[in-house]
$ cat input.cif   # mmCIF, C-alpha atoms and all ligand atoms
data_work
#
loop_
_atom_site.label_atom_id
_atom_site.label_comp_id
_atom_site.auth_asym_id
_atom_site.auth_seq_id
_atom_site.Cartn_x
_atom_site.Cartn_y
_atom_site.Cartn_z
CA MET A 115 28.71 -22.16 -15.14
CA ALA A 116 27.85 -18.96 -16.93
CA THR A 117 28.27 -19.42 -20.64
CA THR A 118 30.44 -17.15 -22.74
CA ASN A 119 27.60 -16.45 -25.20
CA PRO A 120 26.81 -12.77 -25.04
CA ILE A 121 23.57 -11.95 -23.27
CA PRO A 122 21.07 -10.75 -25.91
CA ARG A 123 20.43 -7.04 -26.11
CA PHE A 124 17.57 -5.60 -24.02
CA PRO A 125 15.30 -2.89 -25.46
CA ALA A 126 16.62 0.66 -25.62
CA GLY A 127 16.07 2.59 -22.42
CA PHE A 128 16.11 -0.56 -20.28
CA LEU A 129 17.11 0.46 -16.75
CA TRP A 130 20.01 -1.44 -15.16
CA GLY A 131 20.51 -0.98 -11.45
CA VAL A 132 21.32 -2.30 -8.01
CA SER A 133 19.27 -2.18 -4.79
CA THR A 134 19.89 -1.73 -1.08
CA SER A 135 17.76 -0.76 1.92
CA ALA A 136 18.31 1.76 4.70
CA HIS A 137 18.23 -0.50 7.75
CA GLN A 138 20.54 -3.02 6.10
CA ILE A 139 23.36 -0.60 5.22
CA GLU A 140 23.08 2.80 6.88
CA GLY A 141 24.21 2.41 10.49
CA ALA A 142 24.33 5.85 12.18
CA VAL A 143 21.69 4.61 14.56
CA ASP A 144 22.08 7.57 16.94
CA ALA A 145 21.05 10.01 14.24
CA ARG A 146 17.58 8.57 13.90
CA GLU A 147 14.61 7.44 15.92
CA PRO A 148 14.35 3.72 16.78
CA SER A 149 12.52 1.35 14.47
CA VAL A 150 10.76 -1.93 15.17
CA TRP A 151 13.93 -3.61 13.91
CA ASP A 152 16.07 -1.97 16.62
CA LEU A 153 13.73 -3.32 19.30
CA PHE A 154 13.62 -6.75 17.68
CA THR A 155 17.39 -7.16 17.31
CA ALA A 156 17.85 -6.11 20.95
CA GLU A 157 15.94 -9.23 22.01
CA PRO A 158 18.26 -12.20 22.57
CA GLY A 159 17.95 -15.01 20.05
CA ARG A 160 16.18 -13.01 17.34
CA VAL A 161 19.18 -12.62 15.00
CA ARG A 162 21.22 -15.71 14.20
CA ASP A 163 24.65 -14.19 14.92
CA GLY A 164 23.35 -11.88 17.67
CA SER A 165 24.27 -8.81 15.63
CA THR A 166 22.41 -5.55 15.10
CA ALA A 167 22.36 -2.96 12.31
CA ALA A 168 23.70 -0.19 14.55
CA VAL A 169 26.74 0.19 12.26
CA ALA A 170 25.98 -2.16 9.34
CA CYS A 171 27.93 -0.79 6.31
CA ASP A 172 28.25 2.62 7.95
CA HIS A 173 26.81 3.93 4.71
CA VAL A 174 25.61 7.25 6.15
CA HIS A 175 29.25 8.19 6.76
CA ARG A 176 30.63 6.45 3.68
CA HIS A 177 27.99 7.15 1.08
CA ARG A 178 30.44 9.04 -1.18
CA GLU A 179 32.58 5.92 -1.47
CA ASP A 180 29.45 3.88 -2.22
CA VAL A 181 28.27 6.34 -4.86
CA ALA A 182 31.72 6.08 -6.47
CA LEU A 183 31.27 2.29 -6.57
CA LEU A 184 27.91 2.76 -8.29
CA ALA A 185 29.40 5.16 -10.83
CA ASP A 186 32.28 2.82 -11.58
CA LEU A 187 29.86 -0.09 -11.92
CA GLY A 188 28.04 1.95 -14.55
CA VAL A 189 24.46 1.38 -13.39
CA ASP A 190 21.72 3.66 -14.69
CA ALA A 191 19.88 3.67 -11.39
CA TYR A 192 20.27 3.01 -7.68
CA ARG A 193 17.37 1.75 -5.62
CA PHE A 194 17.81 2.64 -1.92
CA SER A 195 15.29 3.17 0.84
CA VAL A 196 14.48 6.23 2.85
CA SER A 197 14.38 5.39 6.54
CA TRP A 198 11.20 6.74 8.06
CA PRO A 199 12.78 6.83 11.58
CA ARG A 200 15.68 8.89 10.16
CA VAL A 201 13.37 11.30 8.36
CA ARG A 202 11.59 11.91 11.67
CA ALA A 203 14.84 12.88 13.40
CA GLU A 204 16.13 16.45 13.27
CA GLY A 205 17.85 17.02 9.92
CA GLY A 206 17.16 13.43 8.85
CA LEU A 207 16.22 14.33 5.31
CA ASP A 208 19.52 16.19 4.86
CA PHE A 209 21.27 12.87 4.38
CA TYR A 210 18.98 11.81 1.52
CA ASN A 211 19.22 15.26 0.06
CA ARG A 212 23.02 14.90 -0.16
CA LEU A 213 22.78 11.32 -1.39
CA VAL A 214 20.44 12.35 -4.22
CA ASP A 215 22.74 15.21 -5.23
CA ASP A 216 25.79 12.96 -5.19
CA LEU A 217 24.03 10.27 -7.23
CA LEU A 218 22.91 12.76 -9.86
CA ALA A 219 26.39 14.28 -10.03
CA ALA A 220 27.72 10.74 -10.64
CA GLY A 221 25.18 10.14 -13.42
CA VAL A 222 23.15 7.60 -11.42
CA ARG A 223 19.39 7.93 -11.18
CA PRO A 224 18.06 7.81 -7.59
CA VAL A 225 15.12 5.44 -7.06
CA PRO A 226 13.99 5.68 -3.43
CA THR A 227 11.75 3.14 -1.73
CA LEU A 228 9.66 4.91 0.89
CA PHE A 229 9.28 1.96 3.26
CA HIS A 230 11.52 -1.08 3.55
CA TRP A 231 10.40 -2.65 6.85
CA ASP A 232 12.02 -0.24 9.34
CA LEU A 233 8.78 1.08 10.83
CA PRO A 234 9.18 3.74 13.55
CA ALA A 235 9.00 1.86 16.86
CA ASP A 236 5.89 3.69 18.08
CA LEU A 237 3.85 2.72 15.01
CA ASP A 238 2.07 -0.52 14.25
CA TRP A 239 0.66 -1.83 10.95
CA LEU A 240 -2.24 -3.41 12.83
CA GLU A 241 -3.49 0.16 13.20
CA ARG A 242 -5.19 1.72 10.21
CA ASP A 243 -3.83 5.08 11.23
CA THR A 244 -0.31 3.96 10.26
CA ALA A 245 -1.38 4.17 6.61
CA GLU A 246 -2.28 7.84 7.05
CA ARG A 247 0.98 8.51 8.89
CA PHE A 248 2.84 6.90 6.01
CA ALA A 249 1.17 9.20 3.48
CA GLU A 250 2.30 12.20 5.55
CA HIS A 251 5.84 10.83 5.64
CA VAL A 252 5.76 10.40 1.85
CA ALA A 253 4.43 13.94 1.34
CA GLY A 254 7.35 15.27 3.42
CA VAL A 255 9.93 13.29 1.46
CA VAL A 256 8.59 14.24 -1.96
CA ALA A 257 8.38 17.91 -0.93
CA ARG A 258 12.12 17.87 -0.25
CA LEU A 259 13.45 15.50 -2.94
CA GLY A 260 10.79 15.70 -5.65
CA ASP A 261 12.60 18.42 -7.60
CA ARG A 262 15.35 15.89 -8.38
CA VAL A 263 13.87 12.43 -7.81
CA THR A 264 11.48 11.31 -10.52
CA LYS A 265 11.15 7.56 -9.97
CA TRP A 266 9.54 6.35 -6.73
CA ILE A 267 8.77 3.06 -5.01
CA THR A 268 6.13 3.14 -2.28
CA LEU A 269 6.68 -0.11 -0.34
CA ASN A 270 9.04 -3.04 -0.32
CA GLU A 271 7.52 -6.49 -0.06
CA PRO A 272 4.44 -5.98 2.09
CA ALA A 273 3.99 -9.77 1.74
CA GLU A 274 7.22 -10.64 3.55
CA HIS A 275 6.71 -7.90 6.12
CA THR A 276 3.29 -9.36 6.89
CA LEU A 277 4.24 -13.01 6.73
CA LEU A 278 7.67 -13.01 8.37
CA GLY A 279 7.12 -10.05 10.71
CA HIS A 280 3.54 -10.49 11.86
CA ALA A 281 2.38 -14.04 11.04
CA LEU A 282 5.45 -16.19 11.74
CA GLY A 283 7.52 -13.93 14.01
CA VAL A 284 10.94 -14.37 12.39
CA HIS A 285 11.24 -10.69 11.47
CA ALA A 286 10.37 -7.53 13.39
CA PRO A 287 8.08 -6.87 15.12
CA GLY A 288 8.15 -10.60 15.90
CA ARG A 289 4.45 -11.31 16.08
CA THR A 290 3.04 -14.81 15.54
CA LEU A 291 -0.51 -13.94 14.58
CA LEU A 292 -0.82 -16.35 11.64
CA PHE A 293 -3.98 -15.34 9.73
CA ASP A 294 -4.82 -12.63 12.24
CA ALA A 295 -1.95 -10.77 10.57
CA LEU A 296 -4.08 -10.07 7.49
CA PRO A 297 -4.95 -6.49 8.57
CA VAL A 298 -1.21 -5.76 8.35
CA ALA A 299 -1.38 -6.59 4.64
CA HIS A 300 -4.49 -4.46 4.15
CA HIS A 301 -3.07 -1.44 5.97
CA GLN A 302 0.16 -1.58 3.98
CA LEU A 303 -1.79 -1.79 0.73
CA LEU A 304 -3.88 1.16 1.85
CA ALA A 305 -0.68 3.02 2.77
CA HIS A 306 0.59 2.34 -0.74
CA GLY A 307 -2.57 3.81 -2.32
CA LEU A 308 -2.46 6.89 -0.11
CA ALA A 309 1.24 7.29 -0.91
CA VAL A 310 0.52 7.14 -4.64
CA ARG A 311 -1.99 9.97 -4.16
CA ALA A 312 0.50 12.02 -2.12
CA LEU A 313 3.17 11.53 -4.78
CA ARG A 314 0.79 12.44 -7.61
CA ALA A 315 -0.34 15.55 -5.71
CA ALA A 316 3.33 16.60 -5.76
CA GLY A 317 3.57 16.00 -9.51
CA ALA A 318 5.22 12.54 -9.55
CA PHE A 319 4.55 10.51 -12.69
CA ASP A 320 6.82 7.47 -12.40
CA ILE A 321 5.59 5.43 -9.44
CA GLY A 322 5.82 1.72 -8.63
CA ILE A 323 5.84 -0.79 -5.77
CA ALA A 324 8.28 -3.66 -5.11
CA ASN A 325 6.45 -6.90 -4.36
CA SER A 326 8.01 -10.29 -3.79
CA HIS A 327 6.58 -12.93 -6.07
CA GLY A 328 7.47 -16.40 -7.24
CA PRO A 329 5.92 -19.38 -8.95
CA THR A 330 4.40 -21.94 -6.62
CA TRP A 331 4.94 -25.52 -7.65
CA PRO A 332 2.60 -28.19 -6.25
CA ALA A 333 4.52 -31.03 -4.57
CA SER A 334 2.57 -33.54 -6.74
CA ASP A 335 -0.53 -33.83 -8.93
CA ASP A 336 -2.45 -34.94 -5.88
CA GLU A 337 -5.56 -32.85 -5.32
CA ALA A 338 -4.53 -31.93 -1.78
CA ASP A 339 -1.08 -30.76 -2.92
CA VAL A 340 -2.51 -28.75 -5.79
CA ALA A 341 -5.03 -27.08 -3.47
CA ALA A 342 -2.31 -26.25 -0.93
CA ALA A 343 -0.09 -24.78 -3.66
CA ASP A 344 -3.00 -22.74 -4.91
CA PHE A 345 -3.57 -21.41 -1.40
CA TYR A 346 0.09 -20.43 -1.10
CA ASP A 347 -0.02 -18.72 -4.50
CA THR A 348 -2.98 -16.67 -3.27
CA LEU A 349 -1.07 -15.71 -0.13
CA LEU A 350 2.21 -14.74 -1.79
CA ASN A 351 1.12 -13.52 -5.19
CA ARG A 352 -2.57 -12.73 -5.54
CA LEU A 353 -3.22 -11.22 -2.10
CA PHE A 354 -1.00 -8.29 -3.12
CA ALA A 355 -1.20 -8.16 -6.91
CA ASP A 356 -5.00 -8.57 -7.27
CA PRO A 357 -6.04 -5.55 -5.21
CA LEU A 358 -3.30 -3.39 -6.76
CA LEU A 359 -3.97 -4.38 -10.36
CA LEU A 360 -7.60 -5.50 -10.39
CA GLY A 361 -9.03 -3.51 -7.49
CA ARG A 362 -10.30 -6.62 -5.67
CA TYR A 363 -9.07 -9.24 -3.25
CA PRO A 364 -8.98 -12.92 -4.22
CA GLU A 365 -12.24 -14.70 -3.39
CA GLY A 366 -12.86 -15.08 0.34
CA VAL A 367 -10.09 -12.68 1.40
CA GLY A 368 -11.92 -9.32 1.43
CA GLU A 369 -14.23 -10.56 4.23
CA LEU A 370 -11.20 -11.09 6.46
CA MET A 371 -9.94 -7.54 6.06
CA PRO A 372 -10.74 -4.63 8.41
CA GLY A 373 -12.61 -1.42 7.67
CA ASP A 374 -14.59 -0.36 4.64
CA VAL A 375 -12.81 -2.72 2.29
CA GLU A 376 -14.69 -1.70 -0.87
CA ALA A 377 -13.83 1.97 -0.37
CA ASP A 378 -10.23 1.13 0.53
CA LEU A 379 -9.82 -0.96 -2.61
CA LYS A 380 -10.43 2.15 -4.70
CA THR A 381 -7.48 3.79 -2.97
CA ILE A 382 -5.31 0.66 -3.17
CA ALA A 383 -5.90 0.37 -6.91
CA GLU A 384 -4.76 3.92 -7.70
CA PRO A 385 -3.03 3.43 -11.06
CA ILE A 386 0.72 2.95 -10.90
CA ASP A 387 3.20 3.48 -13.72
CA TRP A 388 5.07 0.21 -13.35
CA TYR A 389 5.00 -2.90 -11.22
CA GLY A 390 8.15 -3.99 -9.36
CA ILE A 391 8.84 -7.67 -8.78
CA ASN A 392 11.48 -9.00 -6.40
CA TYR A 393 12.27 -12.54 -7.48
CA TYR A 394 14.61 -15.04 -5.82
CA ALA A 395 13.29 -18.60 -6.18
CA PRO A 396 10.15 -20.65 -6.72
CA THR A 397 8.45 -22.42 -3.81
CA ARG A 398 7.28 -26.03 -3.80
CA VAL A 399 4.20 -26.52 -1.71
CA GLY A 400 2.19 -29.52 -0.59
CA ALA A 401 -0.65 -30.43 1.73
CA PRO A 402 -0.07 -29.83 5.45
CA GLN A 403 1.99 -32.52 7.13
CA GLY A 404 0.40 -32.19 10.55
CA ALA A 405 3.59 -31.11 12.30
CA GLU A 406 5.67 -27.99 12.73
CA ILE A 407 8.36 -27.74 10.06
CA GLU A 408 11.50 -25.67 9.79
CA PHE A 409 12.16 -24.37 6.32
CA GLY A 410 14.96 -21.99 5.32
CA GLY A 411 15.32 -20.84 8.91
CA VAL A 412 11.57 -20.20 9.24
CA ARG A 413 9.54 -22.27 11.69
CA MET A 414 6.10 -22.98 10.28
CA PRO A 415 3.40 -24.15 12.67
CA ALA A 416 1.40 -27.31 12.00
CA GLU A 417 -1.90 -25.46 11.68
CA LEU A 418 -0.94 -23.81 8.38
CA PRO A 419 -3.01 -25.17 5.49
CA PHE A 420 0.09 -25.95 3.44
CA SER A 421 3.67 -27.15 3.91
CA VAL A 422 6.73 -25.90 2.08
CA ARG A 423 8.84 -28.69 0.57
CA GLU A 424 12.39 -29.05 -0.66
CA ILE A 425 12.98 -28.43 -4.37
CA GLU A 426 15.40 -31.08 -5.51
CA GLY A 427 17.64 -31.25 -8.54
CA TYR A 428 18.88 -27.67 -8.59
CA PRO A 429 21.98 -26.03 -7.10
CA VAL A 430 21.29 -24.01 -3.97
CA THR A 431 22.67 -20.72 -2.64
CA ASP A 432 24.25 -20.35 0.82
CA PHE A 433 20.74 -19.61 2.05
CA GLY A 434 19.60 -23.00 0.73
CA TRP A 435 17.39 -21.34 -1.91
CA PRO A 436 17.24 -23.27 -5.20
CA VAL A 437 18.69 -21.58 -8.27
CA VAL A 438 15.97 -21.79 -10.94
CA PRO A 439 16.38 -19.02 -13.52
CA GLU A 440 13.65 -20.39 -15.80
CA ALA A 441 11.14 -19.85 -12.98
CA LEU A 442 11.60 -16.11 -13.54
CA THR A 443 10.40 -16.51 -17.14
CA GLU A 444 7.56 -18.66 -15.79
CA LEU A 445 6.60 -16.04 -13.21
CA LEU A 446 6.47 -13.26 -15.78
CA ALA A 447 4.40 -15.41 -18.13
CA LEU A 448 2.05 -16.14 -15.22
CA PHE A 449 1.59 -12.42 -14.47
CA HIS A 450 1.23 -11.56 -18.14
CA GLY A 451 -1.46 -14.23 -18.52
CA ARG A 452 -3.20 -13.48 -15.23
CA TYR A 453 -3.40 -9.68 -15.46
CA GLY A 454 -3.20 -9.02 -19.21
CA ASP A 455 -3.68 -5.34 -19.98
CA GLN A 456 -4.03 -4.58 -16.28
CA LEU A 457 -0.34 -5.32 -15.76
CA PRO A 458 1.70 -2.15 -16.21
CA PRO A 459 5.31 -2.39 -17.42
CA VAL A 460 7.34 -4.59 -15.06
CA VAL A 461 10.66 -3.80 -13.38
CA ILE A 462 12.62 -6.51 -11.57
CA THR A 463 13.39 -4.51 -8.44
CA GLU A 464 15.44 -7.27 -6.74
CA ASN A 465 17.18 -10.44 -7.86
CA GLY A 466 20.28 -11.94 -6.31
CA CYS A 467 21.79 -14.64 -4.14
CA ALA A 468 23.85 -15.29 -1.01
CA TYR A 469 27.32 -16.70 -1.57
CA GLU A 470 30.62 -16.32 0.28
CA GLY A 471 33.87 -15.26 -1.33
CA LEU A 472 35.34 -12.61 -3.58
CA ASP A 473 35.71 -14.92 -6.53
CA ASP A 474 31.99 -15.51 -6.65
CA ALA A 475 31.53 -17.56 -9.81
CA ASP A 476 28.28 -18.96 -8.39
CA ARG A 477 26.79 -15.47 -8.18
CA ILE A 478 27.81 -14.80 -11.77
CA THR A 479 26.12 -18.03 -12.84
CA TYR A 480 22.98 -17.06 -10.91
CA LEU A 481 22.78 -13.54 -12.34
CA ASP A 482 23.72 -14.59 -15.86
CA GLY A 483 20.99 -17.24 -15.84
CA HIS A 484 18.36 -14.85 -14.50
CA VAL A 485 19.17 -12.04 -16.92
CA ARG A 486 18.85 -14.51 -19.81
CA ALA A 487 15.58 -15.80 -18.36
CA LEU A 488 14.36 -12.22 -18.18
CA HIS A 489 15.26 -11.68 -21.80
CA ARG A 490 13.22 -14.73 -22.75
CA ALA A 491 10.22 -13.12 -21.04
CA VAL A 492 10.82 -9.92 -23.02
CA GLU A 493 10.95 -11.97 -26.22
CA ALA A 494 7.69 -13.65 -25.23
CA GLY A 495 6.04 -10.23 -25.10
CA VAL A 496 6.22 -9.18 -21.44
CA ASP A 497 6.93 -5.46 -21.16
CA VAL A 498 9.93 -5.44 -18.81
CA ARG A 499 11.67 -2.10 -18.33
CA GLY A 500 14.44 -2.69 -15.81
CA TYR A 501 16.50 -5.05 -13.65
CA PHE A 502 18.05 -4.36 -10.24
CA VAL A 503 20.54 -6.71 -8.56
CA TRP A 504 20.17 -7.30 -4.85
CA SER A 505 22.53 -6.02 -3.59
CA LEU A 506 25.33 -3.48 -4.07
CA LEU A 507 26.95 -4.34 -0.73
CA ASP A 508 27.10 -7.26 1.67
CA ASN A 509 24.83 -6.06 4.45
CA PHE A 510 22.67 -6.82 7.48
CA GLU A 511 20.51 -9.67 6.22
CA TRP A 512 17.72 -9.28 8.78
CA ALA A 513 17.31 -12.33 11.07
CA GLU A 514 20.41 -13.88 9.49
CA GLY A 515 22.62 -10.99 10.61
CA TYR A 516 25.86 -10.63 8.65
CA GLY A 517 26.02 -14.33 7.82
CA ARG A 518 24.54 -14.10 4.32
CA ARG A 519 26.42 -12.12 1.73
CA PHE A 520 24.34 -10.81 -1.18
CA GLY A 521 26.72 -8.04 -2.33
CA LEU A 522 28.48 -7.42 -5.62
CA VAL A 523 30.89 -5.64 -3.29
CA HIS A 524 32.40 -7.40 -0.28
CA VAL A 525 32.29 -5.52 3.01
CA ASP A 526 34.74 -6.31 5.79
CA PHE A 527 32.53 -5.43 8.75
CA GLY A 528 35.59 -5.02 11.03
CA THR A 529 37.30 -2.35 8.90
CA GLN A 530 34.42 -1.28 6.59
CA ARG A 531 36.72 -1.93 3.65
CA ARG A 532 34.81 -2.42 0.38
CA THR A 533 36.21 -4.84 -2.21
CA PRO A 534 34.44 -5.43 -5.51
CA LYS A 535 33.85 -9.12 -6.15
CA ALA A 536 34.20 -10.93 -9.49
CA SER A 537 30.42 -10.50 -9.96
CA TYR A 538 30.85 -6.71 -9.81
CA GLY A 539 33.24 -6.96 -12.77
CA TRP A 540 30.81 -9.27 -14.57
CA TYR A 541 27.87 -6.86 -14.14
CA ARG A 542 30.02 -3.89 -15.18
CA ALA A 543 31.04 -5.70 -18.36
CA LEU A 544 27.40 -6.66 -19.07
CA LEU A 545 26.27 -3.04 -18.77
CA ARG A 546 29.00 -1.88 -21.17
CA GLU A 547 28.12 -4.61 -23.63
CA GLN A 548 24.42 -3.71 -23.46
CA ARG A 549 25.22 -0.12 -24.32
CA GLY A 550 28.02 -0.81 -26.80
C1 LIG A 601 14.29 -8.07 0.81
C2 LIG A 601 15.71 -7.69 1.13
C3 LIG A 601 16.49 -8.92 1.54
C4 LIG A 601 16.51 -9.88 0.35
C5 LIG A 601 17.30 -11.16 0.58
C6 LIG A 601 14.17 -9.34 0.02
O1 LIG A 601 13.13 -10.09 0.56
O2 LIG A 601 13.62 -7.00 0.19
O3 LIG A 601 15.70 -6.72 2.14
O4 LIG A 601 17.77 -8.63 1.98
O5 LIG A 601 15.20 -10.24 0.03
O6 LIG A 601 16.74 -11.94 1.57
#
$ encode --input "input.cif" --output "structure tokens"
Amino acid sequence: MATTNPIPRFPAGFLWGVSTSAHQIEGAVDAREPSVWDLFTAEPGRVRDGSTAAVACDHVHRHREDVALLADLGVDAYRFSVSWPRVRAEGGLDFYNRLVDDLLAAGVRPVPTLFHWDLPADLDWLERDTAERFAEHVAGVVARLGDRVTKWITLNEPAEHTLLGHALGVHAPGRTLLFDALPVAHHQLLAHGLAVRALRAAGAFDIGIANSHGPTWPASDDEADVAAADFYDTLLNRLFADPLLLGRYPEGVGELMPGDVEADLKTIAEPIDWYGINYYAPTRVGAPQGAEIEFGGVRMPAELPFSVREIEGYPVTDFGWPVVPEALTELLALFHGRYGDQLPPVVITENGCAYEGLDDADRITYLDGHVRALHRAVEAGVDVRGYFVWSLLDNFEWAEGYGRRFGLVHVDFGTQRRTPKASYGWYRALLREQRG
């Protein structure tokens, strides 16, 4: 259970927020172009409960109510994503224009993410050209919103979009390319670098990216397990952080990437102002077991050079993910040690858990533990500037449909009624305490 000890005070100016993403909450599908996710969810068997995000939280029509929830919660900032397929539709940017105005009027700082997986259906990250198209999209968004938005996030989790969407086929666009999916990672990283340039050209000075990272624990001290865990760490952590922060790929990776990799790395490593980390849980990894395994709803083929193993001895969320707050401190120490001065200030851009119920004591325990773990990292000298809970609302949880509830606010998807959960009250009280 969460203890009653007050959470220690974070440094002045620390940014407290919550996150969402366009495809997961917006609905209003007719007022935008289709995305790869619309095509994917239309295929039978792709989403566990057979649902789609056509309505989701109907946020486009109810955003005023959601902004009021943010204001009452007392967050400094709201991380949402701008849907590229909506921006392409006639008047699509008008919605974000209103949202930004309403947030500012409510005293909440808008923090848009410019891509959170809902790629326009006619585009493809296997094509280099998509990176250029993305930079044009970003230039259009900043031209319209840049007079009021100051903090920007280029991409959300290019690692998961590559791995789940293009290597293992459990997310849109549903490809099972395994290591042939690597160009998807490279093109997203390139898109990030080009987006940073487009934002800077428009005068932006507070730019980050949101990458998913986590510690990788070897299943044993056995050489084969340690090597497999190291491989997985490269795939999840270093493949994305090294080029962004060091301007190079981990050894052996650059050769697998398309195009003029050396030239592209200069673009990818455009300096950013802060580094966003989405953290949920550590992963335990061992040597391959020679057979296909199913882990957390993801089918992993036998030919992978590692196998993901159960982490025992910790409580788990409804998703089956272990609750290990101290692994967040460990992760930040790892990044601090690995990148040293090359690591800009860090913002936790997502952290949260799936649990049912309005009286969500388990979520409070999870968040309380992780905020304390974050404070320990700050005490140990990591420059952390913000924390965003995933998520404001229960929403469309990708291939899981509406079956996993991550919200501080419960959504009844039949009536669209919003009901703050106990965790919403807990976070509200924390924010008051931190400012008191
Ligand atoms: C994604 C979110 C997702 C959350 C929980 C992150 O990987 O950015 O879109 O809902 O994790 O699975």
$ residues_around --input "input.cif" --residues "Arg311 in chain A" --least-positions-apart "4" --cutoff "10 Å" --atoms "only C-alpha atoms" --output "PDB file with C-alpha atoms, in the coordinates of the input"
ATOM      1  CA  ALA A 249       1.170   9.200   3.480  1.00  0.00           C
ATOM      2  CA  VAL A 252       5.760  10.400   1.850  1.00  0.00           C
ATOM      3  CA  ALA A 253       4.430  13.940   1.340  1.00  0.00           C
ATOM      4  CA  ALA A 305      -0.680   3.020   2.770  1.00  0.00           C
ATOM      5  CA  HIS A 306       0.590   2.340  -0.740  1.00  0.00           C
ATOM      6  CA  GLY A 307      -2.570   3.810  -2.320  1.00  0.00           C
ATOM      7  CA  ALA A 315      -0.340  15.550  -5.710  1.00  0.00           C
ATOM      8  CA  ALA A 316       3.330  16.600  -5.760  1.00  0.00           C
ATOM      9  CA  GLY A 317       3.570  16.000  -9.510  1.00  0.00           C
ATOM     10  CA  ALA A 318       5.220  12.540  -9.550  1.00  0.00           C
ATOM     11  CA  THR A 381      -7.480   3.790  -2.970  1.00  0.00           C
ATOM     12  CA  ILE A 382      -5.310   0.660  -3.170  1.00  0.00           C
ATOM     13  CA  GLU A 384      -4.760   3.920  -7.700  1.00  0.00           C
ATOM     14  CA  PRO A 385      -3.030   3.430 -11.060  1.00  0.00           C
TER      15      PRO A 385
END
$ closest_residue --input "input.cif" --among "A:Lys265, A:Arg314, A:His484, A:His230" --to "ligand LIG 601 (chain A)" --atoms "only C-alpha atoms and all ligand atoms"
A:His230
$ residues_around --input "input.cif" --residues "Asp186 in chain A" --least-positions-apart "5" --cutoff "10 Å" --atoms "all atoms listed in the file" --output "PDB file with C-alpha atoms, keeping the file's coordinate frame"
ATOM      1  CA  ASP A 180      29.450   3.880  -2.220  1.00  0.00           C
ATOM      2  CA  VAL A 181      28.270   6.340  -4.860  1.00  0.00           C
ATOM      3  CA  ALA A 220      27.720  10.740 -10.640  1.00  0.00           C
ATOM      4  CA  TYR A 538      30.850  -6.710  -9.810  1.00  0.00           C
ATOM      5  CA  GLY A 539      33.240  -6.960 -12.770  1.00  0.00           C
ATOM      6  CA  ARG A 542      30.020  -3.890 -15.180  1.00  0.00           C
TER       7      ARG A 542
END
$ residues_around --input "input.cif" --residues "range 405-420 of chain A" --least-positions-apart "2" --cutoff "12 Å" --atoms "all atoms listed in the file" --output "VMD selection string"
chain A and resid 160 to 162 274 277 to 279 281 to 285 290 to 293 330 332 to 333 338 to 349 397 to 403 422 to 425 430 to 436 512 to 514
$ residues_near_ligand --input "input.cif" --ligand "ligand LIG 601 (chain A)" --cutoff "7 Å" --atoms "only C-alpha atoms and all ligand atoms" --output "MDAnalysis selection string"
chainID A and resid 135 270:271 274 326 392 504 511:512
$ residues_near_point --input "input.cif" --point "(8.7, 0.9, 21.9)" --cutoff "12 Å" --atoms "all atoms listed in the file" --output "VMD selection string"
chain A and resid 147 to 154 156 233 to 238 287
$ closest_residue --input "input.cif" --among "A:Thr529, A:Glu444, A:Ser421, A:Leu187" --to "Gly404 in chain A" --atoms "all atoms listed in the file"
A:Ser421
$ residues_around --input "input.cif" --residues "Ala536 in chain A" --least-positions-apart "3" --cutoff "12 Å" --atoms "all atoms listed in the file" --output "ChimeraX atom specification"
/A:187,469-479,521-524,533,539-543
$ atom_distance --input "input.cif" --atom1 "CA of Ile121 in chain A" --atom2 "CA of Asp497 in chain A"
18.0 Å
$ atom_distance --input "input.cif" --atom1 "CA of Phe319 in chain A" --atom2 "CA of Trp266 in chain A"
8.8 Å
$ closest_residue --input "input.cif" --among "A:Pro125, A:Gly322, A:Gly205, A:Gly515" --to "Tyr389 in chain A" --atoms "all atoms listed in the file"
A:Gly322
$ closest_residue --input "input.cif" --among "A:Leu360, A:Val201, A:Ala395, A:Leu507" --to "Lys380 in chain A" --atoms "only C-alpha atoms"
A:Leu360
$ residues_near_point --input "input.cif" --point "(26.5, 0.9, 10.1)" --cutoff "10 Å" --atoms "only C-alpha atoms" --output "VMD selection string"
chain A and resid 136 to 143 166 to 176 509 to 510 527 530
$ closest_residue --input "input.cif" --among "A:Arg242, A:Arg531, A:Arg258, A:Arg352" --to "Val298 in chain A" --atoms "all atoms listed in the file"
A:Arg242
$ atom_distance --input "input.cif" --atom1 "CA of Ala355 in chain A" --atom2 "CA of Asn465 in chain A"
18.5 Å
$ closest_residue --input "input.cif" --among "A:Thr268, A:Thr443, A:Gln302, A:Ser537" --to "Glu493 in chain A" --atoms "only C-alpha atoms"
A:Thr443
$ axis_aligned_box --input "input.cif" --around "range 411-421 of chain A" --padding-each-side "5 Å" --output "JSON"
{"center_x": 6.2, "center_y": -23.8, "center_z": 8.1, "size_x": 28.3, "size_y": 17.1, "size_z": 19.2}
$ residues_around --input "input.cif" --residues "Pro297 in chain A" --least-positions-apart "2" --cutoff "10 Å" --atoms "all atoms listed in the file" --output "ChimeraX atom specification"
/A:239-242,276,280,293-295,299-303,370-373
